[in-house]
file final_6.cif (mmCIF, C-alpha atoms)
data_protein
loop_
_atom_site.label_atom_id
_atom_site.label_comp_id
_atom_site.auth_asym_id
_atom_site.auth_seq_id
_atom_site.Cartn_x
_atom_site.Cartn_y
_atom_site.Cartn_z
CA MET W 1 -14.67 -3.01 2.78
CA SER W 2 -15.25 -1.36 6.12
CA GLU W 3 -17.75 -3.08 8.42
CA GLN W 4 -18.83 0.10 10.26
CA PRO W 5 -22.63 0.46 10.66
CA VAL W 6 -24.22 3.14 8.49
CA GLU W 7 -27.31 5.30 8.77
CA PRO W 8 -30.62 4.08 7.34
CA GLY W 9 -30.77 4.80 3.61
CA LEU W 10 -26.99 4.72 3.26
CA ARG W 11 -24.77 1.78 2.42
CA PRO W 12 -21.06 0.98 2.26
CA PRO W 13 -19.42 0.51 -1.14
CA ALA W 14 -20.26 -2.87 -2.64
CA ASP W 15 -16.87 -3.42 -4.26
CA ASP W 16 -13.59 -1.71 -5.10
CA ALA W 17 -15.08 0.09 -8.11
CA GLU W 18 -17.72 1.75 -5.91
CA ALA W 19 -15.06 2.47 -3.29
CA LEU W 20 -12.94 4.31 -5.86
CA LEU W 21 -15.98 6.29 -7.02
CA LEU W 22 -16.70 7.21 -3.40
CA LEU W 23 -13.10 8.28 -2.78
CA ARG W 24 -12.85 10.36 -5.96
CA GLU W 25 -16.21 12.13 -5.77
CA GLY W 26 -17.39 11.89 -2.19
CA VAL W 27 -17.66 14.73 0.31
CA ILE W 28 -15.22 14.27 3.20
CA ASP W 29 -16.24 15.11 6.77
CA LEU W 30 -13.07 15.05 8.84
CA GLU W 31 -13.40 13.83 12.40
CA GLY W 32 -9.90 13.73 13.85
CA ARG W 33 -6.18 13.10 13.49
CA MET W 34 -4.06 10.02 14.14
CA VAL W 35 -1.59 11.55 16.57
CA ASP W 36 0.91 8.67 16.48
CA ALA W 37 1.49 9.00 12.71
CA SER W 38 4.77 10.57 11.49
CA ASN W 39 2.96 12.72 8.92
CA VAL W 40 -0.37 14.52 9.22
CA THR W 41 -2.93 11.71 8.94
CA LEU W 42 -6.60 12.62 9.23
CA PHE W 43 -9.65 10.40 9.31
CA GLY W 44 -13.35 10.90 8.76
CA THR W 45 -16.38 9.83 6.82
CA ILE W 46 -16.89 10.21 3.09
CA ARG W 47 -20.23 10.18 1.27
CA CYS W 48 -21.32 10.11 -2.36
CA GLY W 49 -25.07 9.75 -2.92
CA ASP W 50 -26.21 6.79 -0.86
CA ILE W 51 -22.69 5.34 -0.55
CA VAL W 52 -20.79 6.09 2.65
CA GLY W 53 -17.55 4.91 4.18
CA GLU W 54 -14.65 5.91 6.35
CA CYS W 55 -11.39 7.19 4.97
CA VAL W 56 -7.84 8.23 5.77
CA TYR W 57 -6.59 11.51 4.29
CA LYS W 58 -2.90 12.44 4.17
CA PRO W 59 -2.47 15.96 2.76
CA VAL W 60 0.75 16.67 0.88
CA ALA W 61 1.10 19.85 2.95
CA GLY W 62 1.37 17.73 6.10
CA GLU W 63 4.22 15.50 4.90
CA ARG W 64 7.30 15.60 7.12
CA PRO W 65 10.53 16.20 5.15
CA LEU W 66 12.76 13.11 4.89
CA TRP W 67 16.46 13.04 4.09
CA ASP W 68 16.13 10.18 1.60
CA PHE W 69 12.87 10.99 -0.21
CA PRO W 70 12.07 14.21 -2.11
CA ASP W 71 9.68 16.57 -0.30
CA GLY W 72 6.02 16.39 -1.25
CA THR W 73 6.21 12.97 -2.92
CA LEU W 74 4.81 10.61 -0.28
CA ALA W 75 1.18 10.82 -1.43
CA GLY W 76 2.25 9.99 -4.98
CA ARG W 77 4.15 6.98 -3.67
CA GLU W 78 1.02 5.78 -1.87
CA ILE W 79 -0.92 6.05 -5.14
CA SER W 80 1.86 4.29 -7.02
CA ALA W 81 1.74 1.40 -4.53
CA PHE W 82 -2.01 1.11 -5.12
CA LEU W 83 -1.48 1.04 -8.90
CA VAL W 84 1.10 -1.74 -8.60
CA SER W 85 -1.18 -3.61 -6.20
CA GLU W 86 -4.03 -3.44 -8.69
CA ALA W 87 -1.76 -4.62 -11.49
CA THR W 88 -0.79 -7.72 -9.49
CA GLY W 89 -4.44 -8.62 -8.91
CA TRP W 90 -3.62 -9.32 -5.27
CA ARG W 91 -5.45 -6.26 -3.86
CA VAL W 92 -2.75 -5.70 -1.24
CA VAL W 93 -3.49 -1.97 -0.96
CA PRO W 94 -7.02 -0.73 -0.15
CA PRO W 95 -8.70 1.57 -2.72
CA THR W 96 -6.64 4.78 -2.84
CA VAL W 97 -6.84 8.02 -4.83
CA LEU W 98 -5.05 11.35 -5.10
CA ARG W 99 -7.48 14.27 -4.90
CA GLU W 100 -8.25 17.72 -3.58
CA ALA W 101 -9.60 17.61 -0.04
CA PRO W 102 -10.11 20.07 2.86
CA PHE W 103 -6.38 20.79 3.35
CA GLY W 104 -5.29 20.59 -0.26
CA PRO W 105 -4.25 17.70 -2.48
CA GLY W 106 -3.43 14.44 -0.79
CA MET W 107 -3.90 10.73 -0.59
CA VAL W 108 -7.37 9.51 0.35
CA GLN W 109 -7.72 5.82 1.16
CA LEU W 110 -10.66 3.69 2.22
CA TRP W 111 -10.46 2.88 5.92
CA ILE W 112 -10.38 -0.87 6.46
CA ASP W 113 -11.55 -2.54 9.68
CA GLY W 114 -9.43 -5.64 10.24
CA ASP W 115 -10.16 -8.74 12.30
CA GLU W 116 -9.65 -7.61 15.89
CA ASP W 117 -9.37 -11.23 17.06
CA VAL W 118 -6.08 -11.75 15.17
CA ASP W 119 -2.92 -11.53 17.26
CA LEU W 120 -0.60 -9.66 14.88
CA PRO W 121 2.78 -10.67 16.42
CA THR W 122 1.77 -14.31 15.96
CA PHE W 123 0.08 -13.79 12.61
CA VAL W 124 3.05 -12.15 10.86
CA ARG W 125 5.20 -15.22 11.59
CA ARG W 126 2.81 -17.63 9.88
CA ASP W 127 3.29 -19.22 6.48
CA GLU W 128 0.21 -17.49 5.09
CA PRO W 129 -0.20 -17.28 1.28
CA ALA W 130 -1.53 -13.72 1.60
CA LEU W 131 1.54 -12.65 3.58
CA ARG W 132 3.82 -14.33 1.06
CA ARG W 133 2.18 -12.36 -1.75
CA MET W 134 2.64 -9.20 0.31
CA ALA W 135 6.34 -10.04 0.71
CA VAL W 136 6.69 -10.19 -3.08
CA PHE W 137 4.74 -6.96 -3.48
CA ASP W 138 6.99 -5.24 -0.92
CA ALA W 139 10.08 -6.41 -2.78
CA VAL W 140 8.72 -4.90 -6.01
CA VAL W 141 7.87 -1.51 -4.51
CA ASN W 142 10.96 -1.51 -2.25
CA ASN W 143 8.90 -0.95 0.89
CA ALA W 144 11.07 0.62 3.58
CA ASP W 145 8.53 0.29 6.39
CA ARG W 146 6.45 -2.92 6.55
CA LYS W 147 5.59 -2.83 10.24
CA GLY W 148 3.14 -5.23 11.83
CA GLY W 149 0.68 -2.39 12.30
CA HIS W 150 0.68 -1.85 8.55
CA ILE W 151 -0.73 -5.35 8.01
CA ILE W 152 -4.53 -5.73 8.26
CA PRO W 153 -5.92 -9.30 8.31
CA MET W 154 -9.59 -9.54 7.41
CA PRO W 155 -12.18 -11.99 8.76
CA ASP W 156 -12.46 -13.61 5.32
CA GLY W 157 -8.73 -14.34 5.16
CA HIS W 158 -7.74 -11.47 2.88
CA VAL W 159 -4.84 -9.32 4.09
CA TYR W 160 -4.42 -5.62 3.32
CA GLY W 161 -1.31 -3.51 3.67
CA VAL W 162 -1.26 0.24 4.34
CA ASP W 163 1.25 3.10 4.73
CA HIS W 164 3.29 2.98 1.53
CA GLY W 165 4.64 6.53 1.55
CA ILE W 166 8.29 5.47 1.69
CA CYS W 167 8.42 3.07 -1.21
CA PHE W 168 10.04 3.17 -4.68
CA SER W 169 13.46 4.46 -3.64
CA VAL W 170 16.16 3.85 -6.25
CA ASP W 171 18.37 2.52 -3.42
CA PRO W 172 17.81 -0.88 -1.74
CA LYS W 173 15.67 -0.08 1.32
CA LEU W 174 13.49 -3.15 1.86
CA ARG W 175 12.68 -3.18 5.56
CA THR W 176 9.97 -5.58 6.65
CA LEU W 177 8.79 -8.16 9.15
CA LEU W 178 8.06 -10.56 6.29
CA TRP W 179 11.45 -12.26 5.86
CA ARG W 180 10.09 -15.76 6.48
CA TRP W 181 10.54 -16.72 2.83
CA ALA W 182 13.91 -15.02 2.25
CA GLY W 183 15.97 -16.99 -0.25
CA THR W 184 13.24 -19.52 -0.98
CA PRO W 185 11.85 -20.11 -4.49
CA LEU W 186 8.99 -17.93 -5.64
CA THR W 187 5.66 -19.64 -6.12
CA ALA W 188 4.45 -20.32 -9.66
CA GLU W 189 1.69 -17.77 -9.03
CA ALA W 190 4.23 -15.10 -8.06
CA VAL W 191 6.32 -15.76 -11.18
CA GLU W 192 3.24 -15.43 -13.39
CA VAL W 193 2.24 -12.18 -11.67
CA LEU W 194 5.76 -10.76 -11.93
CA GLU W 195 5.93 -11.56 -15.64
CA ARG W 196 2.66 -9.71 -16.16
CA LEU W 197 3.84 -6.87 -13.96
CA GLY W 198 7.04 -6.53 -15.96
CA ASP W 199 5.04 -6.17 -19.16
CA GLY W 200 2.83 -3.56 -17.52
CA LEU W 201 5.78 -1.55 -16.25
CA ARG W 202 7.07 -1.32 -19.81
CA GLY W 203 3.62 -0.20 -20.95
CA ASP W 204 0.49 1.35 -19.47
CA LEU W 205 1.38 0.79 -15.81
CA GLY W 206 4.74 2.46 -16.34
CA GLU W 207 3.04 5.47 -17.90
CA GLN W 208 0.67 5.72 -14.94
CA LEU W 209 3.56 5.56 -12.48
CA HIS W 210 5.42 8.30 -14.35
CA GLU W 211 2.70 10.70 -13.16
CA HIS W 212 3.85 10.18 -9.56
CA LEU W 213 7.44 8.87 -9.69
CA THR W 214 10.60 9.89 -11.50
CA ARG W 215 11.62 7.97 -14.61
CA ARG W 216 14.57 6.56 -12.71
CA GLU W 217 12.27 5.31 -9.94
CA VAL W 218 10.02 3.58 -12.48
CA TRP W 219 13.03 2.09 -14.27
CA THR W 220 14.45 0.80 -10.98
CA THR W 221 11.08 -0.81 -10.22
CA GLN W 222 11.32 -2.59 -13.58
CA GLN W 223 14.81 -3.77 -12.62
CA ARG W 224 13.60 -5.14 -9.28
CA VAL W 225 10.93 -7.17 -11.06
CA ALA W 226 13.48 -8.42 -13.58
CA GLU W 227 15.86 -9.44 -10.77
CA LEU W 228 13.14 -11.36 -8.95
CA LEU W 229 12.38 -13.24 -12.16
CA ARG W 230 16.08 -13.84 -12.84
CA THR W 231 16.74 -15.38 -9.42
CA GLY W 232 13.33 -17.00 -9.04
CA ARG W 233 13.64 -16.46 -5.31
CA HIS W 234 12.45 -14.14 -2.57
CA PRO W 235 15.11 -11.51 -1.81
CA GLU W 236 17.34 -11.66 1.25
CA PRO W 237 18.44 -8.70 3.41
CA SER W 238 21.03 -6.68 1.51
CA GLY W 239 23.12 -5.73 4.51
CA GLU W 240 23.13 -2.14 3.25
CA TRP W 241 20.02 -1.09 5.19
CA PRO W 242 18.37 -2.24 8.44
CA ALA W 243 16.32 -5.31 7.56
CA LEU W 244 13.64 -4.81 10.22
CA PRO W 245 11.44 -1.76 10.83
CA TRP W 246 11.56 -0.04 14.21
CA PRO W 247 9.42 -0.18 16.13
CA PRO W 248 8.18 -3.45 14.60
CA PHE W 249 4.54 -2.77 15.59
#
call {"tool": "encode", "arguments": {"input": "final_6.cif", "output": "structure tokens"}}
result
Amino acid sequence: MSEQPVEPGLRPPADDAEALLLLREGVIDLEGRMVDASNVTLFGTIRCGDIVGECVYKPVAGERPLWDFPDGTLAGREISAFLVSEATGWRVVPPTVLREAPFGPGMVQLWIDGDEDVDLPTFVRRDEPALRRMAVFDAVVNNADRKGGHIIPMPDGHVYGVDHGICFSVDPKLRTLLWRWAGTPLTAEAVEVLERLGDGLRGDLGEQLHEHLTRREVWTTQQRVAELLRTGRHPEPSGEWPALPWPPF
């Protein structure tokens, strides 16, 4: 959770369940806009009772049209990434909801303060278990934009990932800095998680994703999981799409 100080009598969410309650029901007080973001990305505080935190809000109305993703779908893709993250048990994506907010419906996500002492260009090249899990997650959701700035190492060793608006394309678009494990065998943990994820995609998780993605997008996600299990290896660049995001950070 965020480490920002809070006013006396208020407290940050104690866990992800409280964070989701805060995001769904809290009152948002917007404070500014992230001007370097491609789409309208606002930030502020959010409060529900005595629970308070900081959040990022991306209204659907502020999404920039893209040639390769349908208009108005990026918030739903962010939510879908959170749902897949939760299903893996890896907590890659911070608590995220889709809700009405000051500028209409949009994605609202808990703001996470990372470890400022971590040098990201060095960190993303390490053989870190948390980064390896993220690489598997990105392969599942077909993340087209895993920049270094979208990776948030925490002081306790956990690593979050943010900005998942251009995921779940039906075409191969994996573009990431996390190619360290390309072609190497998946860990036993990853295989177990993928088997569970495959079951979920054919069941309750698939039904949840259908609220935000097309049936073909959900089916293609199932196929990516099945392919990872078939090969038992991390994917390699396809050659059909730039393998690295630009700029990388």
call {"tool": "closest_residue", "arguments": {"input": "final_6.cif", "among": "W:Leu21, W:Ala14, W:Val162, W:Ala135", "to": "Gly183 in chain W", "atoms": "only C-alpha atoms"}}
result
W:Ala135
call {"tool": "closest_residue", "arguments": {"input": "final_6.cif", "among": "W:Ala101, W:Glu63, W:Glu86, W:Pro13", "to": "Gly49 in chain W", "atoms": "all atoms listed in the file"}}
result
W:Pro13
call {"tool": "resolve_selection", "arguments": {"input": "final_6.cif", "expression": "the PyMOL selection byres ((chain W and resi 109) around 7)", "output": "ChimeraX atom specification"}}
result
/W:55-57,94-97,107-108,110-111
call {"tool": "closest_residue", "arguments": {"input": "final_6.cif", "among": "W:Ile166, W:Val93, W:Ala190, W:Val118", "to": "Asn39 in chain W", "atoms": "all atoms listed in the file"}}
result
W:Ile166
call {"tool": "closest_residue", "arguments": {"input": "final_6.cif", "among": "W:Arg224, W:Arg216, W:Arg24, W:Lys58", "to": "Gly104 in chain W", "atoms": "only C-alpha atoms"}}
result
W:Lys58
call {"tool": "resolve_selection", "arguments": {"input": "final_6.cif", "expression": "the PyMOL selection byres ((chain W and resi 78) around 8)", "output": "short mmCIF file (atom, residue, chain, number, x, y, z; two decimals) with C-alpha atoms, in the frame of the given file"}}
result
data_model
loop_
_atom_site.label_atom_id
_atom_site.label_comp_id
_atom_site.auth_asym_id
_atom_site.auth_seq_id
_atom_site.Cartn_x
_atom_site.Cartn_y
_atom_site.Cartn_z
CA LEU W 74 4.81 10.61 -0.28
CA ALA W 75 1.18 10.82 -1.43
CA GLY W 76 2.25 9.99 -4.98
CA ARG W 77 4.15 6.98 -3.67
CA ILE W 79 -0.92 6.05 -5.14
CA SER W 80 1.86 4.29 -7.02
CA ALA W 81 1.74 1.40 -4.53
CA PHE W 82 -2.01 1.11 -5.12
CA THR W 96 -6.64 4.78 -2.84
CA MET W 107 -3.90 10.73 -0.59
CA ASP W 163 1.25 3.10 4.73
CA HIS W 164 3.29 2.98 1.53
CA GLY W 165 4.64 6.53 1.55
CA CYS W 167 8.42 3.07 -1.21
#
call {"tool": "closest_atom_pairs", "arguments": {"input": "final_6.cif", "of": "range 66-113 of chain W", "to": "range 194-204 of chain W", "cutoff": "12 Å", "atoms": "only C-alpha atoms", "output": "CSV"}}
result
residue,atom,partner,partner_atom,distance
W:Ser80,CA,W:Leu201,CA,11.6
W:Leu83,CA,W:Leu201,CA,10.7
W:Val84,CA,W:Leu197,CA,7.9
W:Ser85,CA,W:Leu197,CA,9.8
W:Glu86,CA,W:Leu197,CA,10.1
W:Ala87,CA,W:Leu197,CA,6.5
W:Thr88,CA,W:Leu197,CA,6.5
W:Gly89,CA,W:Leu197,CA,9.9
W:Trp90,CA,W:Leu194,CA,11.6
call {"tool": "atom_distance", "arguments": {"input": "final_6.cif", "atom1": "CA of Glu25 in chain W", "atom2": "CA of Glu54 in chain W"}}
result
13.7 Å
call {"tool": "residues_around", "arguments": {"input": "final_6.cif", "residues": "Trp181 in chain W", "least_positions_apart": "3", "cutoff": "10 Å", "atoms": "only C-alpha atoms", "output": "list in words"}}
result
Asp127, Leu131, Arg132, Ala135, Val136, Leu178, Thr184, Pro185, Leu186, Arg233, His234, Pro235 and Glu236 of chain W
call {"tool": "resolve_selection", "arguments": {"input": "final_6.cif", "expression": "the PyMOL selection byres ((chain W and resi 172) around 8)", "output": "PyMOL selection string"}}
result
chain W and resi 142+169-171+173-174+238+240-241
call {"tool": "atom_distance", "arguments": {"input": "final_6.cif", "atom1": "CA of Gly53 in chain W", "atom2": "CA of Leu23 in chain W"}}
result
8.9 Å
call {"tool": "atom_distance", "arguments": {"input": "final_6.cif", "atom1": "CA of Thr45 in chain W", "atom2": "CA of Asp29 in chain W"}}
result
5.3 Å
call {"tool": "closest_residue", "arguments": {"input": "final_6.cif", "among": "W:Leu205, W:Ile46, W:Ile112, W:Ile151", "to": "Asp138 in chain W", "atoms": "only C-alpha atoms"}}
result
W:Ile151
call {"tool": "residues_around", "arguments": {"input": "final_6.cif", "residues": "Asp50 in chain W", "least_positions_apart": "5", "cutoff": "8 Å", "atoms": "all atoms listed in the file", "output": "list of chain:residue names"}}
result
W:Gly9, W:Leu10, W:Arg11
call {"tool": "closest_residue", "arguments": {"input": "final_6.cif", "among": "W:Gly232, W:Gly161, W:Glu217, W:Asp119", "to": "Glu192 in chain W", "atoms": "all atoms listed in the file"}}
result
W:Gly232
call {"tool": "residues_around", "arguments": {"input": "final_6.cif", "residues": "Ala243 in chain W", "least_positions_apart": "4", "cutoff": "7 Å", "atoms": "only C-alpha atoms", "output": "list in words"}}
result
Leu174, Arg175, Thr176 and Pro237 of chain W
